[in-house]
Number of protein chains: 2
Amino acid sequence: MVATLHVCITCKAGQPVPEGEACPGARLHAALIAEACPEGVRIVPVECLSACNSGAAVALSRPGSWSYVYGRLEPAHAGDILAGAAAYARSSDGLVPWRERPVVFRKQSLARIPPQEATP
Amino acid sequence: MVATLHVCITCKAGQPVPEGEACPGARLHAALIAEACPEGVRIVPVECLSACNSGAAVALSRPGSWSYVYGRLEPAHAGDILAGAAAYARSSDGLVPWRERPVVFRKQSLARIPPQEATP
């Protein structure tokens, strides 16, 4: 099952965006898609992850796995974000051993959500 | 499909917990289960939603719907949290019209995650 890396492309990270400049979320998305996408990961742009004051933000999710939201991200984090997404994609349940997580994931988690069980 | 309200029961909300006192997450959970649980909602305790500095925290999720994480919650918010969870449970996709969300949900969202599509 493919892991999805949602990237908020409208995030202003709580700051005004100068006229004619791309917002922090759009710049983060551009930096992510400029790199090679890891196997088992797809990058999906989204408008607003409701983490506006802690952006730029991304969410990692996959049916049946823990979901994670990370914030305060910059384009320079793109490589580490993709490495963390790749480790997530390789895991069976979304729980990556602590030392295998990139520092940006260890320090900039905004929240996680347990797996969604399909209940009637 | 039942909506799940995950409640972090280990949250210290970034503060020391005096010896012998229940932590903020446990107190929030106690306040929630003391009220009548709305139809279509189940309350599930969880250890850590990784929102430690923005707790106490809860997450609302349901397969195929948007997921939400809310923070900085107090036991006094229990009624509003359950009203918001009930509105979420009544929605088809987790997107509740803004004016139907309790104020605590409008103002204290930490993040949301788009529906997880089952892709191969």
# chains A, B, ... in the order shown; residues from 1 in each chain; ligands from 1
call {"tool": "interface_residues", "arguments": {"of": "chain A", "to": "chain B", "cutoff": "9 Å", "atoms": "only C-alpha atoms", "output": "PyMOL selection string"}}
result
chain A and resi 1-4+6+46+48-54+57+59-63+67-69+109-114+116-120
call {"tool": "residues_around", "arguments": {"residues": "stretch 87-94 of chain B", "least_positions_apart": "2", "cutoff": "7 Å", "atoms": "only C-alpha atoms", "output": "PyMOL selection string"}}
result
chain B and resi 3+40-41+64-66+83-85+96
call {"tool": "write_last_selection", "arguments": {"atoms": "all heavy atoms", "output": "PDB file, in the first residue's frame"}}
result
ATOM      1  N   ALA B   3     -17.331   7.042  14.052  1.00  0.00           N
ATOM      2  CA  ALA B   3     -16.204   7.975  14.188  1.00  0.00           C
ATOM      3  C   ALA B   3     -15.491   7.691  15.509  1.00  0.00           C
ATOM      4  O   ALA B   3     -16.136   7.399  16.523  1.00  0.00           O
ATOM      5  CB  ALA B   3     -16.709   9.410  14.170  1.00  0.00           C
ATOM      6  N   GLY B  40     -22.933   7.246  17.156  1.00  0.00           N
ATOM      7  CA  GLY B  40     -21.987   7.210  16.037  1.00  0.00           C
ATOM      8  C   GLY B  40     -20.572   7.585  16.429  1.00  0.00           C
ATOM      9  O   GLY B  40     -19.713   7.753  15.553  1.00  0.00           O
ATOM     10  N   VAL B  41     -20.320   7.748  17.721  1.00  0.00           N
ATOM     11  CA  VAL B  41     -18.984   8.137  18.201  1.00  0.00           C
ATOM     12  C   VAL B  41     -18.517   7.095  19.217  1.00  0.00           C
ATOM     13  O   VAL B  41     -19.307   6.629  20.036  1.00  0.00           O
ATOM     14  CB  VAL B  41     -19.018   9.524  18.887  1.00  0.00           C
ATOM     15  CG1 VAL B  41     -17.652   9.889  19.464  1.00  0.00           C
ATOM     16  CG2 VAL B  41     -19.500  10.598  17.921  1.00  0.00           C
ATOM     17  N   GLY B  64     -12.047   6.994   5.363  1.00  0.00           N
ATOM     18  CA  GLY B  64     -12.644   7.686   4.227  1.00  0.00           C
ATOM     19  C   GLY B  64     -12.973   9.144   4.473  1.00  0.00           C
ATOM     20  O   GLY B  64     -13.466   9.834   3.586  1.00  0.00           O
ATOM     21  N   SER B  65     -12.710   9.628   5.698  1.00  0.00           N
ATOM     22  CA  SER B  65     -13.036  11.018   6.042  1.00  0.00           C
ATOM     23  C   SER B  65     -11.773  11.815   6.384  1.00  0.00           C
ATOM     24  O   SER B  65     -10.722  11.235   6.643  1.00  0.00           O
ATOM     25  CB  SER B  65     -13.970  11.053   7.260  1.00  0.00           C
ATOM     26  OG  SER B  65     -15.248  10.557   6.929  1.00  0.00           O
ATOM     27  N   TRP B  66     -11.895  13.121   6.399  1.00  0.00           N
ATOM     28  CA  TRP B  66     -10.834  13.965   6.944  1.00  0.00           C
ATOM     29  C   TRP B  66     -10.655  13.637   8.428  1.00  0.00           C
ATOM     30  O   TRP B  66     -11.626  13.348   9.125  1.00  0.00           O
ATOM     31  CB  TRP B  66     -11.207  15.447   6.802  1.00  0.00           C
ATOM     32  CG  TRP B  66     -11.090  15.971   5.413  1.00  0.00           C
ATOM     33  CD1 TRP B  66     -11.999  15.798   4.392  1.00  0.00           C
ATOM     34  CD2 TRP B  66     -10.012  16.748   4.854  1.00  0.00           C
ATOM     35  NE1 TRP B  66     -11.532  16.418   3.254  1.00  0.00           N
ATOM     36  CE2 TRP B  66     -10.330  17.007   3.508  1.00  0.00           C
ATOM     37  CE3 TRP B  66      -8.815  17.248   5.373  1.00  0.00           C
ATOM     38  CZ2 TRP B  66      -9.485  17.739   2.667  1.00  0.00           C
ATOM     39  CZ3 TRP B  66      -7.985  17.981   4.546  1.00  0.00           C
ATOM     40  CH2 TRP B  66      -8.317  18.224   3.206  1.00  0.00           C
ATOM     41  N   ALA B  83     -20.053  17.486  21.351  1.00  0.00           N
ATOM     42  CA  ALA B  83     -20.972  18.064  20.360  1.00  0.00           C
ATOM     43  C   ALA B  83     -20.287  18.141  18.995  1.00  0.00           C
ATOM     44  O   ALA B  83     -20.889  17.854  17.959  1.00  0.00           O
ATOM     45  CB  ALA B  83     -21.429  19.453  20.817  1.00  0.00           C
ATOM     46  N   GLY B  84     -19.008  18.511  18.993  1.00  0.00           N
ATOM     47  CA  GLY B  84     -18.260  18.572  17.735  1.00  0.00           C
ATOM     48  C   GLY B  84     -18.055  17.189  17.138  1.00  0.00           C
ATOM     49  O   GLY B  84     -18.124  17.005  15.921  1.00  0.00           O
ATOM     50  N   ALA B  85     -17.820  16.207  18.002  1.00  0.00           N
ATOM     51  CA  ALA B  85     -17.650  14.834  17.523  1.00  0.00           C
ATOM     52  C   ALA B  85     -18.961  14.315  16.933  1.00  0.00           C
ATOM     53  O   ALA B  85     -18.965  13.605  15.918  1.00  0.00           O
ATOM     54  CB  ALA B  85     -17.177  13.932  18.657  1.00  0.00           C
ATOM     55  N   VAL B  96     -17.348  19.435   8.547  1.00  0.00           N
ATOM     56  CA  VAL B  96     -18.524  20.026   9.187  1.00  0.00           C
ATOM     57  C   VAL B  96     -18.545  21.514   8.845  1.00  0.00           C
ATOM     58  O   VAL B  96     -17.508  22.178   8.947  1.00  0.00           O
ATOM     59  CB  VAL B  96     -18.456  19.824  10.720  1.00  0.00           C
ATOM     60  CG1 VAL B  96     -19.584  20.550  11.427  1.00  0.00           C
ATOM     61  CG2 VAL B  96     -18.457  18.337  11.051  1.00  0.00           C
TER      62      VAL B  96
END
call {"tool": "select_by_dssp", "arguments": {"residues": "chain A", "states": "strand (DSSP E or B)", "output": "list in words"}}
result
Ala3, Thr4, Leu5, His6, Val7, Cys8, Val41, Arg42, Ile43, Val44, Pro45, Val46, Val58, Ala59, Leu60, Ser61, Ser67, Tyr68, Val69, Tyr70, Ser109, Leu110, Ala111, Arg112 and Ile113 of chain A
call {"tool": "write_last_selection", "arguments": {"atoms": "N, CA, C and O atoms", "output": "short mmCIF file (atom, residue, chain, number, x, y, z; two decimals), in the first residue's frame"}}
result
data_model
loop_
_atom_site.label_atom_id
_atom_site.label_comp_id
_atom_site.auth_asym_id
_atom_site.auth_seq_id
_atom_site.Cartn_x
_atom_site.Cartn_y
_atom_site.Cartn_z
N ALA A 3 2.22 4.94 0.63
CA ALA A 3 2.10 5.99 1.65
C ALA A 3 1.91 7.34 0.95
O ALA A 3 2.53 7.59 -0.09
N THR A 4 1.07 8.17 1.51
CA THR A 4 0.81 9.48 0.92
C THR A 4 1.47 10.58 1.75
O THR A 4 1.28 10.63 2.97
N LEU A 5 2.23 11.41 1.10
CA LEU A 5 2.81 12.60 1.74
C LEU A 5 2.00 13.79 1.24
O LEU A 5 2.19 14.26 0.11
N HIS A 6 1.05 14.23 2.05
CA HIS A 6 0.28 15.42 1.70
C HIS A 6 1.09 16.66 2.05
O HIS A 6 1.66 16.75 3.15
N VAL A 7 1.15 17.60 1.14
CA VAL A 7 1.90 18.83 1.35
C VAL A 7 0.94 20.00 1.21
O VAL A 7 0.30 20.15 0.17
N CYS A 8 0.83 20.82 2.26
CA CYS A 8 -0.03 22.00 2.17
C CYS A 8 0.64 23.02 1.26
O CYS A 8 1.75 23.48 1.56
N VAL A 41 6.06 5.89 -2.07
CA VAL A 41 5.57 7.19 -1.57
C VAL A 41 4.97 7.96 -2.74
O VAL A 41 5.51 7.94 -3.84
N ARG A 42 3.87 8.62 -2.49
CA ARG A 42 3.36 9.57 -3.49
C ARG A 42 3.16 10.91 -2.80
O ARG A 42 2.75 10.97 -1.63
N ILE A 43 3.47 11.97 -3.53
CA ILE A 43 3.37 13.34 -2.99
C ILE A 43 2.10 13.97 -3.55
O ILE A 43 1.91 14.00 -4.77
N VAL A 44 1.24 14.41 -2.66
CA VAL A 44 -0.06 14.96 -3.07
C VAL A 44 -0.24 16.35 -2.48
O VAL A 44 -0.22 16.51 -1.26
N PRO A 45 -0.38 17.37 -3.34
CA PRO A 45 -0.62 18.71 -2.80
C PRO A 45 -2.03 18.82 -2.23
O PRO A 45 -2.96 18.16 -2.71
N VAL A 46 -2.19 19.64 -1.20
CA VAL A 46 -3.50 19.81 -0.57
C VAL A 46 -3.60 21.27 -0.13
O VAL A 46 -2.59 21.92 0.15
N VAL A 58 3.38 19.09 6.45
CA VAL A 58 3.10 17.91 5.63
C VAL A 58 2.43 16.86 6.53
O VAL A 58 2.56 16.90 7.76
N ALA A 59 1.72 15.93 5.89
CA ALA A 59 1.11 14.81 6.62
C ALA A 59 1.50 13.51 5.93
O ALA A 59 1.51 13.45 4.70
N LEU A 60 1.84 12.53 6.72
CA LEU A 60 2.16 11.20 6.20
C LEU A 60 1.06 10.24 6.64
O LEU A 60 0.77 10.15 7.84
N SER A 61 0.46 9.54 5.70
CA SER A 61 -0.61 8.61 6.08
C SER A 61 -0.66 7.44 5.12
O SER A 61 -0.12 7.48 4.01
N SER A 67 -0.85 7.91 11.37
CA SER A 67 -0.64 9.10 10.52
C SER A 67 0.14 10.13 11.32
O SER A 67 -0.02 10.21 12.55
N TYR A 68 0.93 10.92 10.64
CA TYR A 68 1.76 11.94 11.30
C TYR A 68 1.61 13.27 10.58
O TYR A 68 1.51 13.32 9.36
N VAL A 69 1.67 14.34 11.36
CA VAL A 69 1.74 15.69 10.78
C VAL A 69 2.99 16.37 11.31
O VAL A 69 3.26 16.34 12.52
N TYR A 70 3.77 16.95 10.41
CA TYR A 70 4.99 17.66 10.79
C TYR A 70 4.87 19.11 10.36
O TYR A 70 4.24 19.42 9.35
N SER A 109 7.26 17.16 15.08
CA SER A 109 5.95 16.54 14.99
C SER A 109 4.89 17.46 15.57
O SER A 109 5.06 18.01 16.65
N LEU A 110 3.82 17.66 14.85
CA LEU A 110 2.70 18.43 15.41
C LEU A 110 1.69 17.50 16.06
O LEU A 110 1.07 17.84 17.05
N ALA A 111 1.50 16.32 15.47
CA ALA A 111 0.53 15.36 16.01
C ALA A 111 0.63 14.05 15.26
O ALA A 111 1.22 13.98 14.18
N ARG A 112 0.08 13.02 15.87
CA ARG A 112 -0.08 11.75 15.16
C ARG A 112 -1.46 11.20 15.48
O ARG A 112 -2.07 11.59 16.50
N ILE A 113 -1.97 10.34 14.63
CA ILE A 113 -3.30 9.77 14.80
C ILE A 113 -3.19 8.25 14.65
O ILE A 113 -2.55 7.78 13.72
#
call {"tool": "residues_around", "arguments": {"residues": "B:Leu73", "least_positions_apart": "3", "cutoff": "7 Å", "atoms": "only C-alpha atoms", "output": "number ranges by chain"}}
result
B: 55-57, 77
call {"tool": "select_by_dssp", "arguments": {"residues": "chain B", "states": "alpha helix (DSSP H)", "output": "number ranges by chain"}}
result
B: 24-33, 78-90, 103-107
call {"tool": "write_last_selection", "arguments": {"atoms": "N, CA, C and O atoms", "output": "compact mmCIF listing (two decimals), in the first residue's frame"}}
result
# COMPACT_ATOMS: atom_id res chain seq x y z
N PRO B 24 -3.17 16.01 32.79
CA PRO B 24 -4.25 16.69 32.06
C PRO B 24 -4.97 15.79 31.06
O PRO B 24 -6.19 15.87 30.91
N GLY B 25 -4.23 14.89 30.40
CA GLY B 25 -4.88 13.99 29.44
C GLY B 25 -5.84 13.03 30.12
O GLY B 25 -6.96 12.79 29.64
N ALA B 26 -5.42 12.48 31.25
CA ALA B 26 -6.30 11.56 31.98
C ALA B 26 -7.52 12.29 32.51
O ALA B 26 -8.64 11.75 32.51
N ARG B 27 -7.34 13.54 32.94
CA ARG B 27 -8.49 14.31 33.45
C ARG B 27 -9.48 14.63 32.32
O ARG B 27 -10.69 14.60 32.51
N LEU B 28 -8.92 14.94 31.14
CA LEU B 28 -9.81 15.20 30.00
C LEU B 28 -10.58 13.94 29.64
O LEU B 28 -11.80 13.98 29.40
N HIS B 29 -9.90 12.81 29.61
CA HIS B 29 -10.57 11.55 29.27
C HIS B 29 -11.68 11.24 30.27
O HIS B 29 -12.80 10.86 29.88
N ALA B 30 -11.39 11.45 31.56
CA ALA B 30 -12.40 11.19 32.59
C ALA B 30 -13.62 12.08 32.39
O ALA B 30 -14.77 11.64 32.54
N ALA B 31 -13.38 13.35 32.03
CA ALA B 31 -14.50 14.28 31.82
C ALA B 31 -15.33 13.86 30.60
O ALA B 31 -16.56 13.98 30.60
N LEU B 32 -14.66 13.33 29.58
CA LEU B 32 -15.38 12.93 28.36
C LEU B 32 -16.24 11.70 28.60
O LEU B 32 -17.40 11.64 28.16
N ILE B 33 -15.69 10.71 29.29
CA ILE B 33 -16.48 9.48 29.47
C ILE B 33 -17.54 9.64 30.56
O ILE B 33 -18.42 8.80 30.69
N ALA B 78 -15.36 19.32 27.65
CA ALA B 78 -15.87 17.99 27.30
C ALA B 78 -17.18 18.04 26.51
O ALA B 78 -17.33 17.37 25.49
N GLY B 79 -18.13 18.84 26.98
CA GLY B 79 -19.42 18.92 26.30
C GLY B 79 -19.28 19.41 24.87
O GLY B 79 -19.89 18.85 23.94
N ASP B 80 -18.47 20.45 24.67
CA ASP B 80 -18.28 20.99 23.33
C ASP B 80 -17.54 19.99 22.43
O ASP B 80 -17.84 19.88 21.24
N ILE B 81 -16.57 19.29 23.00
CA ILE B 81 -15.84 18.29 22.20
C ILE B 81 -16.80 17.21 21.71
O ILE B 81 -16.77 16.81 20.55
N LEU B 82 -17.68 16.75 22.61
CA LEU B 82 -18.62 15.70 22.22
C LEU B 82 -19.64 16.22 21.21
O LEU B 82 -20.04 15.49 20.30
N ALA B 83 -20.05 17.49 21.35
CA ALA B 83 -20.97 18.06 20.36
C ALA B 83 -20.29 18.14 18.99
O ALA B 83 -20.89 17.85 17.96
N GLY B 84 -19.01 18.51 18.99
CA GLY B 84 -18.26 18.57 17.74
C GLY B 84 -18.05 17.19 17.14
O GLY B 84 -18.12 17.01 15.92
N ALA B 85 -17.82 16.21 18.00
CA ALA B 85 -17.65 14.83 17.52
C ALA B 85 -18.96 14.31 16.93
O ALA B 85 -18.97 13.60 15.92
N ALA B 86 -20.08 14.69 17.54
CA ALA B 86 -21.39 14.26 17.03
C ALA B 86 -21.65 14.86 15.65
O ALA B 86 -22.14 14.17 14.74
N ALA B 87 -21.30 16.14 15.47
CA ALA B 87 -21.48 16.79 14.16
C ALA B 87 -20.59 16.11 13.11
O ALA B 87 -20.99 15.90 11.97
N TYR B 88 -19.38 15.77 13.52
CA TYR B 88 -18.45 15.06 12.63
C TYR B 88 -19.06 13.71 12.24
O TYR B 88 -19.04 13.33 11.07
N ALA B 89 -19.60 13.00 13.21
CA ALA B 89 -20.17 11.68 12.95
C ALA B 89 -21.36 11.76 11.99
O ALA B 89 -21.58 10.86 11.19
N ARG B 90 -22.10 12.87 12.06
CA ARG B 90 -23.27 13.03 11.19
C ARG B 90 -22.86 13.40 9.77
O ARG B 90 -23.62 13.24 8.83
N VAL B 103 -16.79 26.32 19.10
CA VAL B 103 -15.71 27.31 19.07
C VAL B 103 -14.36 26.66 19.37
O VAL B 103 -13.33 26.99 18.76
N VAL B 104 -14.35 25.70 20.30
CA VAL B 104 -13.09 25.07 20.67
C VAL B 104 -12.48 24.33 19.47
O VAL B 104 -11.26 24.24 19.35
N PHE B 105 -13.30 23.84 18.55
CA PHE B 105 -12.78 23.18 17.35
C PHE B 105 -12.32 24.23 16.33
O PHE B 105 -11.35 24.02 15.60
N ARG B 106 -13.04 25.36 16.27
CA ARG B 106 -12.64 26.40 15.31
C ARG B 106 -11.29 26.99 15.67
O ARG B 106 -10.48 27.32 14.81
N LYS B 107 -11.06 27.15 16.98
CA LYS B 107 -9.89 27.90 17.42
C LYS B 107 -8.71 27.04 17.82
O LYS B 107 -7.59 27.55 17.94
call {"tool": "atom_distance", "arguments": {"atom1": "atom CA of B:Cys11", "atom2": "atom CA of B:Pro38"}}
result
23.8 Å
